[in-house]
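Okay, upload.pdb is below, PDB, C-alpha atoms:
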```pdb
ATOM      1  CA  MET S   4      53.401  23.447 -56.937
ATOM      2  CA  LEU S   5      50.788  23.110 -54.189
ATOM      3  CA  THR S   6      49.440  26.369 -52.796
ATOM      4  CA  PHE S   7      48.071  26.981 -49.284
ATOM      5  CA  ALA S   8      46.095  29.916 -47.898
ATOM      6  CA  LEU S   9      46.817  30.389 -44.197
ATOM      7  CA  SER S  10      46.170  33.043 -41.574
ATOM      8  CA  LYS S  11      49.436  34.251 -40.062
ATOM      9  CA  GLY S  12      50.033  33.449 -36.409
ATOM     10  CA  ARG S  13      49.451  30.348 -34.280
ATOM     11  CA  LEU S  14      47.442  28.551 -36.951
ATOM     12  CA  ALA S  15      50.071  29.002 -39.663
ATOM     13  CA  ASP S  16      52.811  28.010 -37.211
ATOM     14  CA  LYS S  17      50.917  24.824 -36.370
ATOM     15  CA  ILE S  18      50.488  23.837 -40.029
ATOM     16  CA  LEU S  19      54.114  24.548 -40.890
ATOM     17  CA  ASP S  20      55.179  22.457 -37.896
ATOM     18  CA  MET S  21      53.024  19.585 -39.182
ATOM     19  CA  LEU S  22      54.548  19.866 -42.658
ATOM     20  CA  ARG S  23      58.051  19.828 -41.153
ATOM     21  CA  LYS S  24      57.214  16.672 -39.175
ATOM     22  CA  LEU S  25      56.108  15.060 -42.436
ATOM     23  CA  ASN S  26      59.374  16.178 -44.112
ATOM     24  CA  LEU S  27      57.325  17.940 -46.800
ATOM     25  CA  CYS S  28      58.790  21.424 -46.317
ATOM     26  CA  ASP S  29      61.209  23.202 -44.003
ATOM     27  CA  LEU S  30      59.874  26.679 -43.334
ATOM     28  CA  THR S  31      59.466  28.882 -40.270
ATOM     29  CA  ILE S  32      57.803  32.297 -40.377
ATOM     30  CA  GLU S  33      59.132  34.757 -37.818
ATOM     31  CA  ASP S  34      56.786  37.174 -36.036
ATOM     32  CA  ASP S  35      58.436  40.208 -37.653
ATOM     33  CA  ASP S  36      58.272  38.722 -41.181
ATOM     34  CA  ARG S  37      56.026  40.980 -43.303
ATOM     35  CA  ARG S  38      55.966  38.851 -46.453
ATOM     36  CA  LEU S  39      52.510  37.863 -47.680
ATOM     37  CA  VAL S  40      53.755  35.089 -49.987
ATOM     38  CA  VAL S  41      56.426  32.579 -48.967
ATOM     39  CA  GLU S  42      57.692  29.439 -50.679
ATOM     40  CA  SER S  43      59.481  26.292 -49.584
ATOM     41  CA  GLY S  44      60.233  23.406 -51.910
ATOM     42  CA  ASN S  45      57.054  22.453 -53.780
ATOM     43  CA  TYR S  46      54.806  24.641 -51.618
ATOM     44  CA  ARG S  47      53.630  28.241 -51.786
ATOM     45  CA  PHE S  48      51.838  29.926 -48.873
ATOM     46  CA  TYR S  49      49.565  32.961 -49.060
ATOM     47  CA  LEU S  50      49.247  34.602 -45.635
ATOM     48  CA  ALA S  51      45.758  36.087 -45.516
ATOM     49  CA  LYS S  52      43.139  37.219 -43.030
ATOM     50  CA  PRO S  53      41.147  34.222 -41.737
ATOM     51  CA  SER S  54      37.924  35.442 -43.367
ATOM     52  CA  ASP S  55      39.694  35.605 -46.745
ATOM     53  CA  VAL S  56      41.077  32.058 -46.708
ATOM     54  CA  PRO S  57      37.866  30.436 -48.081
ATOM     55  CA  THR S  58      37.799  33.056 -50.861
ATOM     56  CA  PHE S  59      41.330  32.195 -51.988
ATOM     57  CA  VAL S  60      40.474  28.482 -51.967
ATOM     58  CA  ASP S  61      37.121  28.895 -53.725
ATOM     59  CA  SER S  62      38.695  30.998 -56.479
ATOM     60  CA  GLY S  63      41.403  28.406 -57.149
ATOM     61  CA  VAL S  64      44.221  30.789 -56.256
ATOM     62  CA  ALA S  65      44.960  28.378 -53.400
ATOM     63  CA  ASP S  66      44.569  24.597 -53.596
ATOM     64  CA  LEU S  67      44.252  24.168 -49.835
ATOM     65  CA  GLY S  68      43.459  26.334 -46.858
ATOM     66  CA  VAL S  69      43.395  26.005 -43.098
ATOM     67  CA  VAL S  70      40.769  27.967 -41.203
ATOM     68  CA  GLY S  71      38.292  27.641 -38.348
ATOM     69  CA  LYS S  72      34.969  25.954 -39.081
ATOM     70  CA  ASP S  73      33.255  29.176 -37.984
ATOM     71  CA  THR S  74      34.838  30.986 -40.937
ATOM     72  CA  VAL S  75      33.963  28.158 -43.334
ATOM     73  CA  LEU S  76      30.320  28.363 -42.249
ATOM     74  CA  GLU S  77      30.126  32.151 -42.238
ATOM     75  CA  GLU S  78      31.776  32.655 -45.634
ATOM     76  CA  ASN S  79      29.663  29.843 -47.165
ATOM     77  CA  ARG S  80      31.991  29.235 -50.120
ATOM     78  CA  ASP S  81      31.891  26.317 -52.567
ATOM     79  CA  ILE S  82      34.840  24.450 -51.054
ATOM     80  CA  THR S  83      35.306  21.012 -49.494
ATOM     81  CA  GLN S  84      36.176  20.373 -45.851
ATOM     82  CA  VAL S  85      38.593  17.465 -46.142
ATOM     83  CA  LEU S  86      39.847  17.096 -42.562
ATOM     84  CA  ASP S  87      39.061  18.155 -38.994
ATOM     85  CA  LEU S  88      42.508  19.061 -37.646
ATOM     86  CA  GLY S  89      41.370  18.737 -34.046
ATOM     87  CA  PHE S  90      42.897  21.917 -32.637
ATOM     88  CA  GLY S  91      41.455  25.362 -31.934
ATOM     89  CA  LYS S  92      38.383  23.747 -30.398
ATOM     90  CA  CYS S  93      35.527  25.974 -29.254
ATOM     91  CA  ARG S  94      31.763  26.370 -29.724
ATOM     92  CA  MET S  95      29.417  28.683 -31.590
ATOM     93  CA  CYS S  96      26.624  29.503 -29.156
ATOM     94  CA  VAL S  97      23.517  31.514 -28.488
ATOM     95  CA  CYS S  98      24.179  33.436 -25.271
ATOM     96  CA  GLY S  99      22.079  35.747 -23.150
ATOM     97  CA  LYS S 100      21.566  37.138 -19.692
ATOM     98  CA  VAL S 101      21.483  34.604 -16.865
ATOM     99  CA  SER S 102      18.529  36.498 -15.397
ATOM    100  CA  ASP S 103      16.499  36.120 -18.608
ATOM    101  CA  GLY S 104      16.312  32.333 -18.495
ATOM    102  CA  ASP S 105      14.813  30.962 -21.723
ATOM    103  CA  LYS S 106      12.427  33.823 -22.463
ATOM    104  CA  TYR S 107      14.394  34.587 -25.657
ATOM    105  CA  LYS S 108      12.697  31.537 -27.208
ATOM    106  CA  TYR S 109       9.326  33.299 -27.042
ATOM    107  CA  ILE S 110      10.264  36.743 -28.389
ATOM    108  CA  SER S 111       8.458  37.270 -31.705
ATOM    109  CA  ASN S 112      11.221  39.342 -33.308
ATOM    110  CA  LEU S 113      14.426  38.403 -31.490
ATOM    111  CA  ARG S 114      17.277  40.925 -31.635
ATOM    112  CA  VAL S 115      20.560  39.065 -32.170
ATOM    113  CA  ALA S 116      23.972  40.773 -32.000
ATOM    114  CA  THR S 117      26.802  38.878 -33.694
ATOM    115  CA  LYS S 118      29.982  38.917 -35.732
ATOM    116  CA  TYR S 119      28.515  35.989 -37.676
ATOM    117  CA  PRO S 120      25.276  37.168 -39.336
ATOM    118  CA  HIS S 121      25.076  34.278 -41.814
ATOM    119  CA  ILE S 122      25.465  31.599 -39.131
ATOM    120  CA  ALA S 123      23.018  33.360 -36.815
ATOM    121  CA  LYS S 124      20.341  33.817 -39.481
ATOM    122  CA  GLU S 125      20.695  30.250 -40.719
ATOM    123  CA  TYR S 126      20.298  28.876 -37.199
ATOM    124  CA  PHE S 127      17.246  30.903 -36.230
ATOM    125  CA  ASP S 128      15.645  30.307 -39.636
ATOM    126  CA  SER S 129      16.084  26.566 -39.035
ATOM    127  CA  ILE S 130      13.970  26.803 -35.876
ATOM    128  CA  ASP S 131      11.467  29.223 -37.454
ATOM    129  CA  GLN S 132      12.214  32.130 -35.142
ATOM    130  CA  ASN S 133      12.022  35.642 -36.601
ATOM    131  CA  THR S 134      15.068  37.756 -35.889
ATOM    132  CA  THR S 135      16.652  41.123 -36.455
ATOM    133  CA  ILE S 136      20.370  40.488 -36.926
ATOM    134  CA  ILE S 137      22.647  43.250 -35.610
ATOM    135  CA  LYS S 138      26.192  43.050 -36.985
ATOM    136  CA  LEU S 139      28.864  43.986 -34.449
ATOM    137  CA  ASN S 140      32.622  43.854 -34.979
ATOM    138  CA  GLY S 141      33.801  44.231 -31.393
ATOM    139  CA  SER S 142      32.685  42.926 -28.018
ATOM    140  CA  VAL S 143      29.308  41.403 -28.866
ATOM    141  CA  GLU S 144      28.689  40.759 -25.152
ATOM    142  CA  LEU S 145      27.761  44.436 -24.975
ATOM    143  CA  GLY S 146      24.611  43.628 -26.985
ATOM    144  CA  PRO S 147      22.431  42.243 -24.187
ATOM    145  CA  VAL S 148      24.350  44.103 -21.458
ATOM    146  CA  SER S 149      23.504  47.475 -23.063
ATOM    147  CA  GLY S 150      20.030  46.501 -24.229
ATOM    148  CA  LEU S 151      20.989  46.645 -27.917
ATOM    149  CA  SER S 152      20.048  42.992 -28.365
ATOM    150  CA  ASP S 153      18.199  40.198 -26.591
ATOM    151  CA  VAL S 154      20.919  37.593 -27.208
ATOM    152  CA  ILE S 155      24.211  37.138 -29.038
ATOM    153  CA  VAL S 156      25.635  34.463 -31.299
ATOM    154  CA  ASP S 157      29.354  34.145 -30.737
ATOM    155  CA  ILE S 158      32.308  31.816 -30.226
ATOM    156  CA  VAL S 159      32.718  30.541 -26.668
ATOM    157  CA  GLU S 160      35.955  29.048 -25.370
ATOM    158  CA  SER S 161      36.282  29.221 -21.580
ATOM    159  CA  GLY S 162      33.084  31.212 -21.000
ATOM    160  CA  ARG S 163      34.873  33.565 -18.590
ATOM    161  CA  THR S 164      33.887  36.767 -20.416
ATOM    162  CA  LEU S 165      30.249  35.669 -20.444
ATOM    163  CA  LYS S 166      30.267  34.926 -16.720
ATOM    164  CA  GLU S 167      31.918  38.216 -15.803
ATOM    165  CA  ASN S 168      29.194  40.084 -17.698
ATOM    166  CA  GLY S 169      26.197  38.192 -16.330
ATOM    167  CA  LEU S 170      25.728  36.081 -19.451
ATOM    168  CA  GLU S 171      25.534  32.337 -20.100
ATOM    169  CA  VAL S 172      25.331  29.863 -22.962
ATOM    170  CA  LYS S 173      21.725  29.167 -23.936
ATOM    171  CA  GLU S 174      22.260  26.874 -26.941
ATOM    172  CA  VAL S 175      25.261  25.345 -28.719
ATOM    173  CA  ILE S 176      24.876  25.804 -32.482
ATOM    174  CA  HIS S 177      28.126  24.204 -33.694
ATOM    175  CA  ASP S 178      31.246  22.580 -32.279
ATOM    176  CA  LEU S 179      34.203  24.279 -33.931
ATOM    177  CA  SER S 180      37.837  23.489 -34.705
ATOM    178  CA  ALA S 181      40.433  24.155 -37.408
ATOM    179  CA  ARG S 182      39.654  22.566 -40.768
ATOM    180  CA  LEU S 183      41.694  21.687 -43.830
ATOM    181  CA  VAL S 184      39.676  22.841 -46.841
ATOM    182  CA  ALA S 185      40.282  22.257 -50.537
ATOM    183  CA  ASN S 186      39.412  23.728 -53.894
ATOM    184  CA  ASN S 187      37.042  21.332 -55.641
ATOM    185  CA  ALA S 188      38.921  21.373 -58.951
ATOM    186  CA  SER S 189      42.289  20.916 -57.233
ATOM    187  CA  LEU S 190      40.981  17.761 -55.533
ATOM    188  CA  LYS S 191      40.794  16.254 -59.008
ATOM    189  CA  THR S 192      43.767  17.806 -60.800
ATOM    190  CA  LYS S 193      46.201  17.508 -57.862
ATOM    191  CA  TYR S 194      44.720  14.422 -56.253
ATOM    192  CA  ASP S 195      48.016  12.663 -55.449
ATOM    193  CA  GLU S 196      49.682  15.699 -53.854
ATOM    194  CA  ILE S 197      46.622  16.603 -51.798
ATOM    195  CA  SER S 198      46.073  12.998 -50.731
ATOM    196  CA  GLU S 199      49.640  12.916 -49.396
ATOM    197  CA  ILE S 200      48.894  15.984 -47.273
ATOM    198  CA  ILE S 201      45.589  14.594 -45.996
ATOM    199  CA  LYS S 202      47.048  11.210 -45.058
ATOM    200  CA  GLY S 203      50.024  12.812 -43.324
ATOM    201  CA  PHE S 204      47.849  15.237 -41.379
ATOM    202  CA  GLU S 205      45.449  12.453 -40.406
ATOM    203  CA  LYS S 206      48.345  10.493 -38.927
ATOM    204  CA  LEU S 207      49.558  13.491 -36.920
ATOM    205  CA  VAL S 208      46.046  14.302 -35.653
ATOM    206  CA  LYS S 209      45.673  10.763 -34.302
ATOM    207  CA  GLU S 210      48.997  10.836 -32.430
TER     208      GLU S 210
END
```
Show me this structure written as structure tokens.
Amino acid sequence: MLTFALSKGRLADKILDMLRKLNLCDLTIEDDDRRLVVESGNYRFYLAKPSDVPTFVDSGVADLGVVGKDTVLEENRDITQVLDLGFGKCRMCVCGKVSDGDKYKYISNLRVATKYPHIAKEYFDSIDQNTTIIKLNGSVELGPVSGLSDVIVDIVESGRTLKENGLEVKEVIHDLSARLVANNASLKTKYDEISEIIKGFEKLVKE
């Protein structure tokens, strides 16, 4: 049996639709379904929070997982990204006040508000800029607006929220999308089954 870790909602629905198109399983999860584990044919699905998907895959509880690249980078688990699924596209960016221009580049101890402390620290370390990382769980745009931080590191899709709060993208750190990830041991022990999934998904992504 091949086991997936998925986050319930649009992402899980998309993956199940892809598996149905490949005639690999016939399963639909309704919005009011409260089960955390579901099975169909030769497949088992654990429905987890997005941030927990890499943990399930790394531990070997799940052979495969589907999650945004932002979560893969932030959780920093020993797993393999095997395929860019091409949907859920957005960007991880440094953002700040429009009125501040690029002065953030010259602040000796930059205050950075973010939901992604690992990604933020790794980026600013790579450009040798000292930072104080401020972990926020809600609307990180409030960081520079309130004076809590100089900039934020966050996911940007349309940019509308930034614009409405006097903020703009200063730098793009990563282009993001949904990724198929795999447990390293499973890639060896279940090579044929996983290869079938990868090849099928690749075909659908190119359509």
May I have a table of the residues of stretch 33-93 of chain S lying at most 8 Å from stretch 181-188 of chain S, giving each one's closest pair of atoms and their distance in Å to one decimal, counting all atoms listed in the file, ordered by chain and ascending residue number, as a tab-separated table?
```
residue	atom	partner	partner_atom	distance
S:Pro57	CA	S:Val184	CA	7.9
S:Val60	CA	S:Asn186	CA	5.2
S:Asp61	CA	S:Asn186	CA	5.7
S:Ser62	CA	S:Asn186	CA	7.7
S:Gly63	CA	S:Asn186	CA	6.0
S:Ala65	CA	S:Asn186	CA	7.3
S:Asp66	CA	S:Asn186	CA	5.2
S:Leu67	CA	S:Ala185	CA	4.5
S:Gly68	CA	S:Val184	CA	5.1
S:Val69	CA	S:Leu183	CA	4.7
S:Val70	CA	S:Ala181	CA	5.4
S:Gly71	CA	S:Ala181	CA	4.2
S:Lys72	CA	S:Ala181	CA	6.0
S:Asp81	CA	S:Asn187	CA	7.8
S:Ile82	CA	S:Asn186	CA	5.4
S:Thr83	CA	S:Ala185	CA	5.2
S:Gln84	CA	S:Val184	CA	4.4
S:Val85	CA	S:Val184	CA	5.5
S:Leu86	CA	S:Leu183	CA	5.1
S:Asp87	CA	S:Arg182	CA	4.8
S:Leu88	CA	S:Arg182	CA	5.5
S:Gly89	CA	S:Ala181	CA	6.4
S:Phe90	CA	S:Ala181	CA	5.8
S:Gly91	CA	S:Ala181	CA	5.7
S:Lys92	CA	S:Ala181	CA	7.3
```
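Proximity to S:Lys17 was assessed for S:Glu174, S:Thr31, S:Leu5, S:Val41 counting all atoms listed in the file; the smallest distance is recorded for S:Thr31.
Atom CA of S:Gly12 sits 16.6 Å away from atom CA of S:Arg47.
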Task: Given all atoms listed in the file as the counted atoms, nearest of S:Asn45, S:Asn26, S:Thr6, S:Asn112 to S:Val64 - done: S:Thr6
Open item on the list: I need the output of the PyMOL selection byres ((chain S and resi 96-103) around 12) for this file as a VMD selection string; which residues are they?
Closed with: chain S and resid 73 93 to 95 104 to 110 113 to 119 122 to 124 126 to 127 143 to 160 162 164 to 179
- [ ] Could you please determine the separation between atom CA of S:Ser111 and atom CA of S:Thr134 in Å, to one decimal place?
- [x] 7.8 Å
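Among the candidates S:Asp20, S:Asp55, S:Glu33, S:Glu42, the residue lying nearest to S:Val75 is S:Asp55 (atoms considered: only C-alpha atoms).
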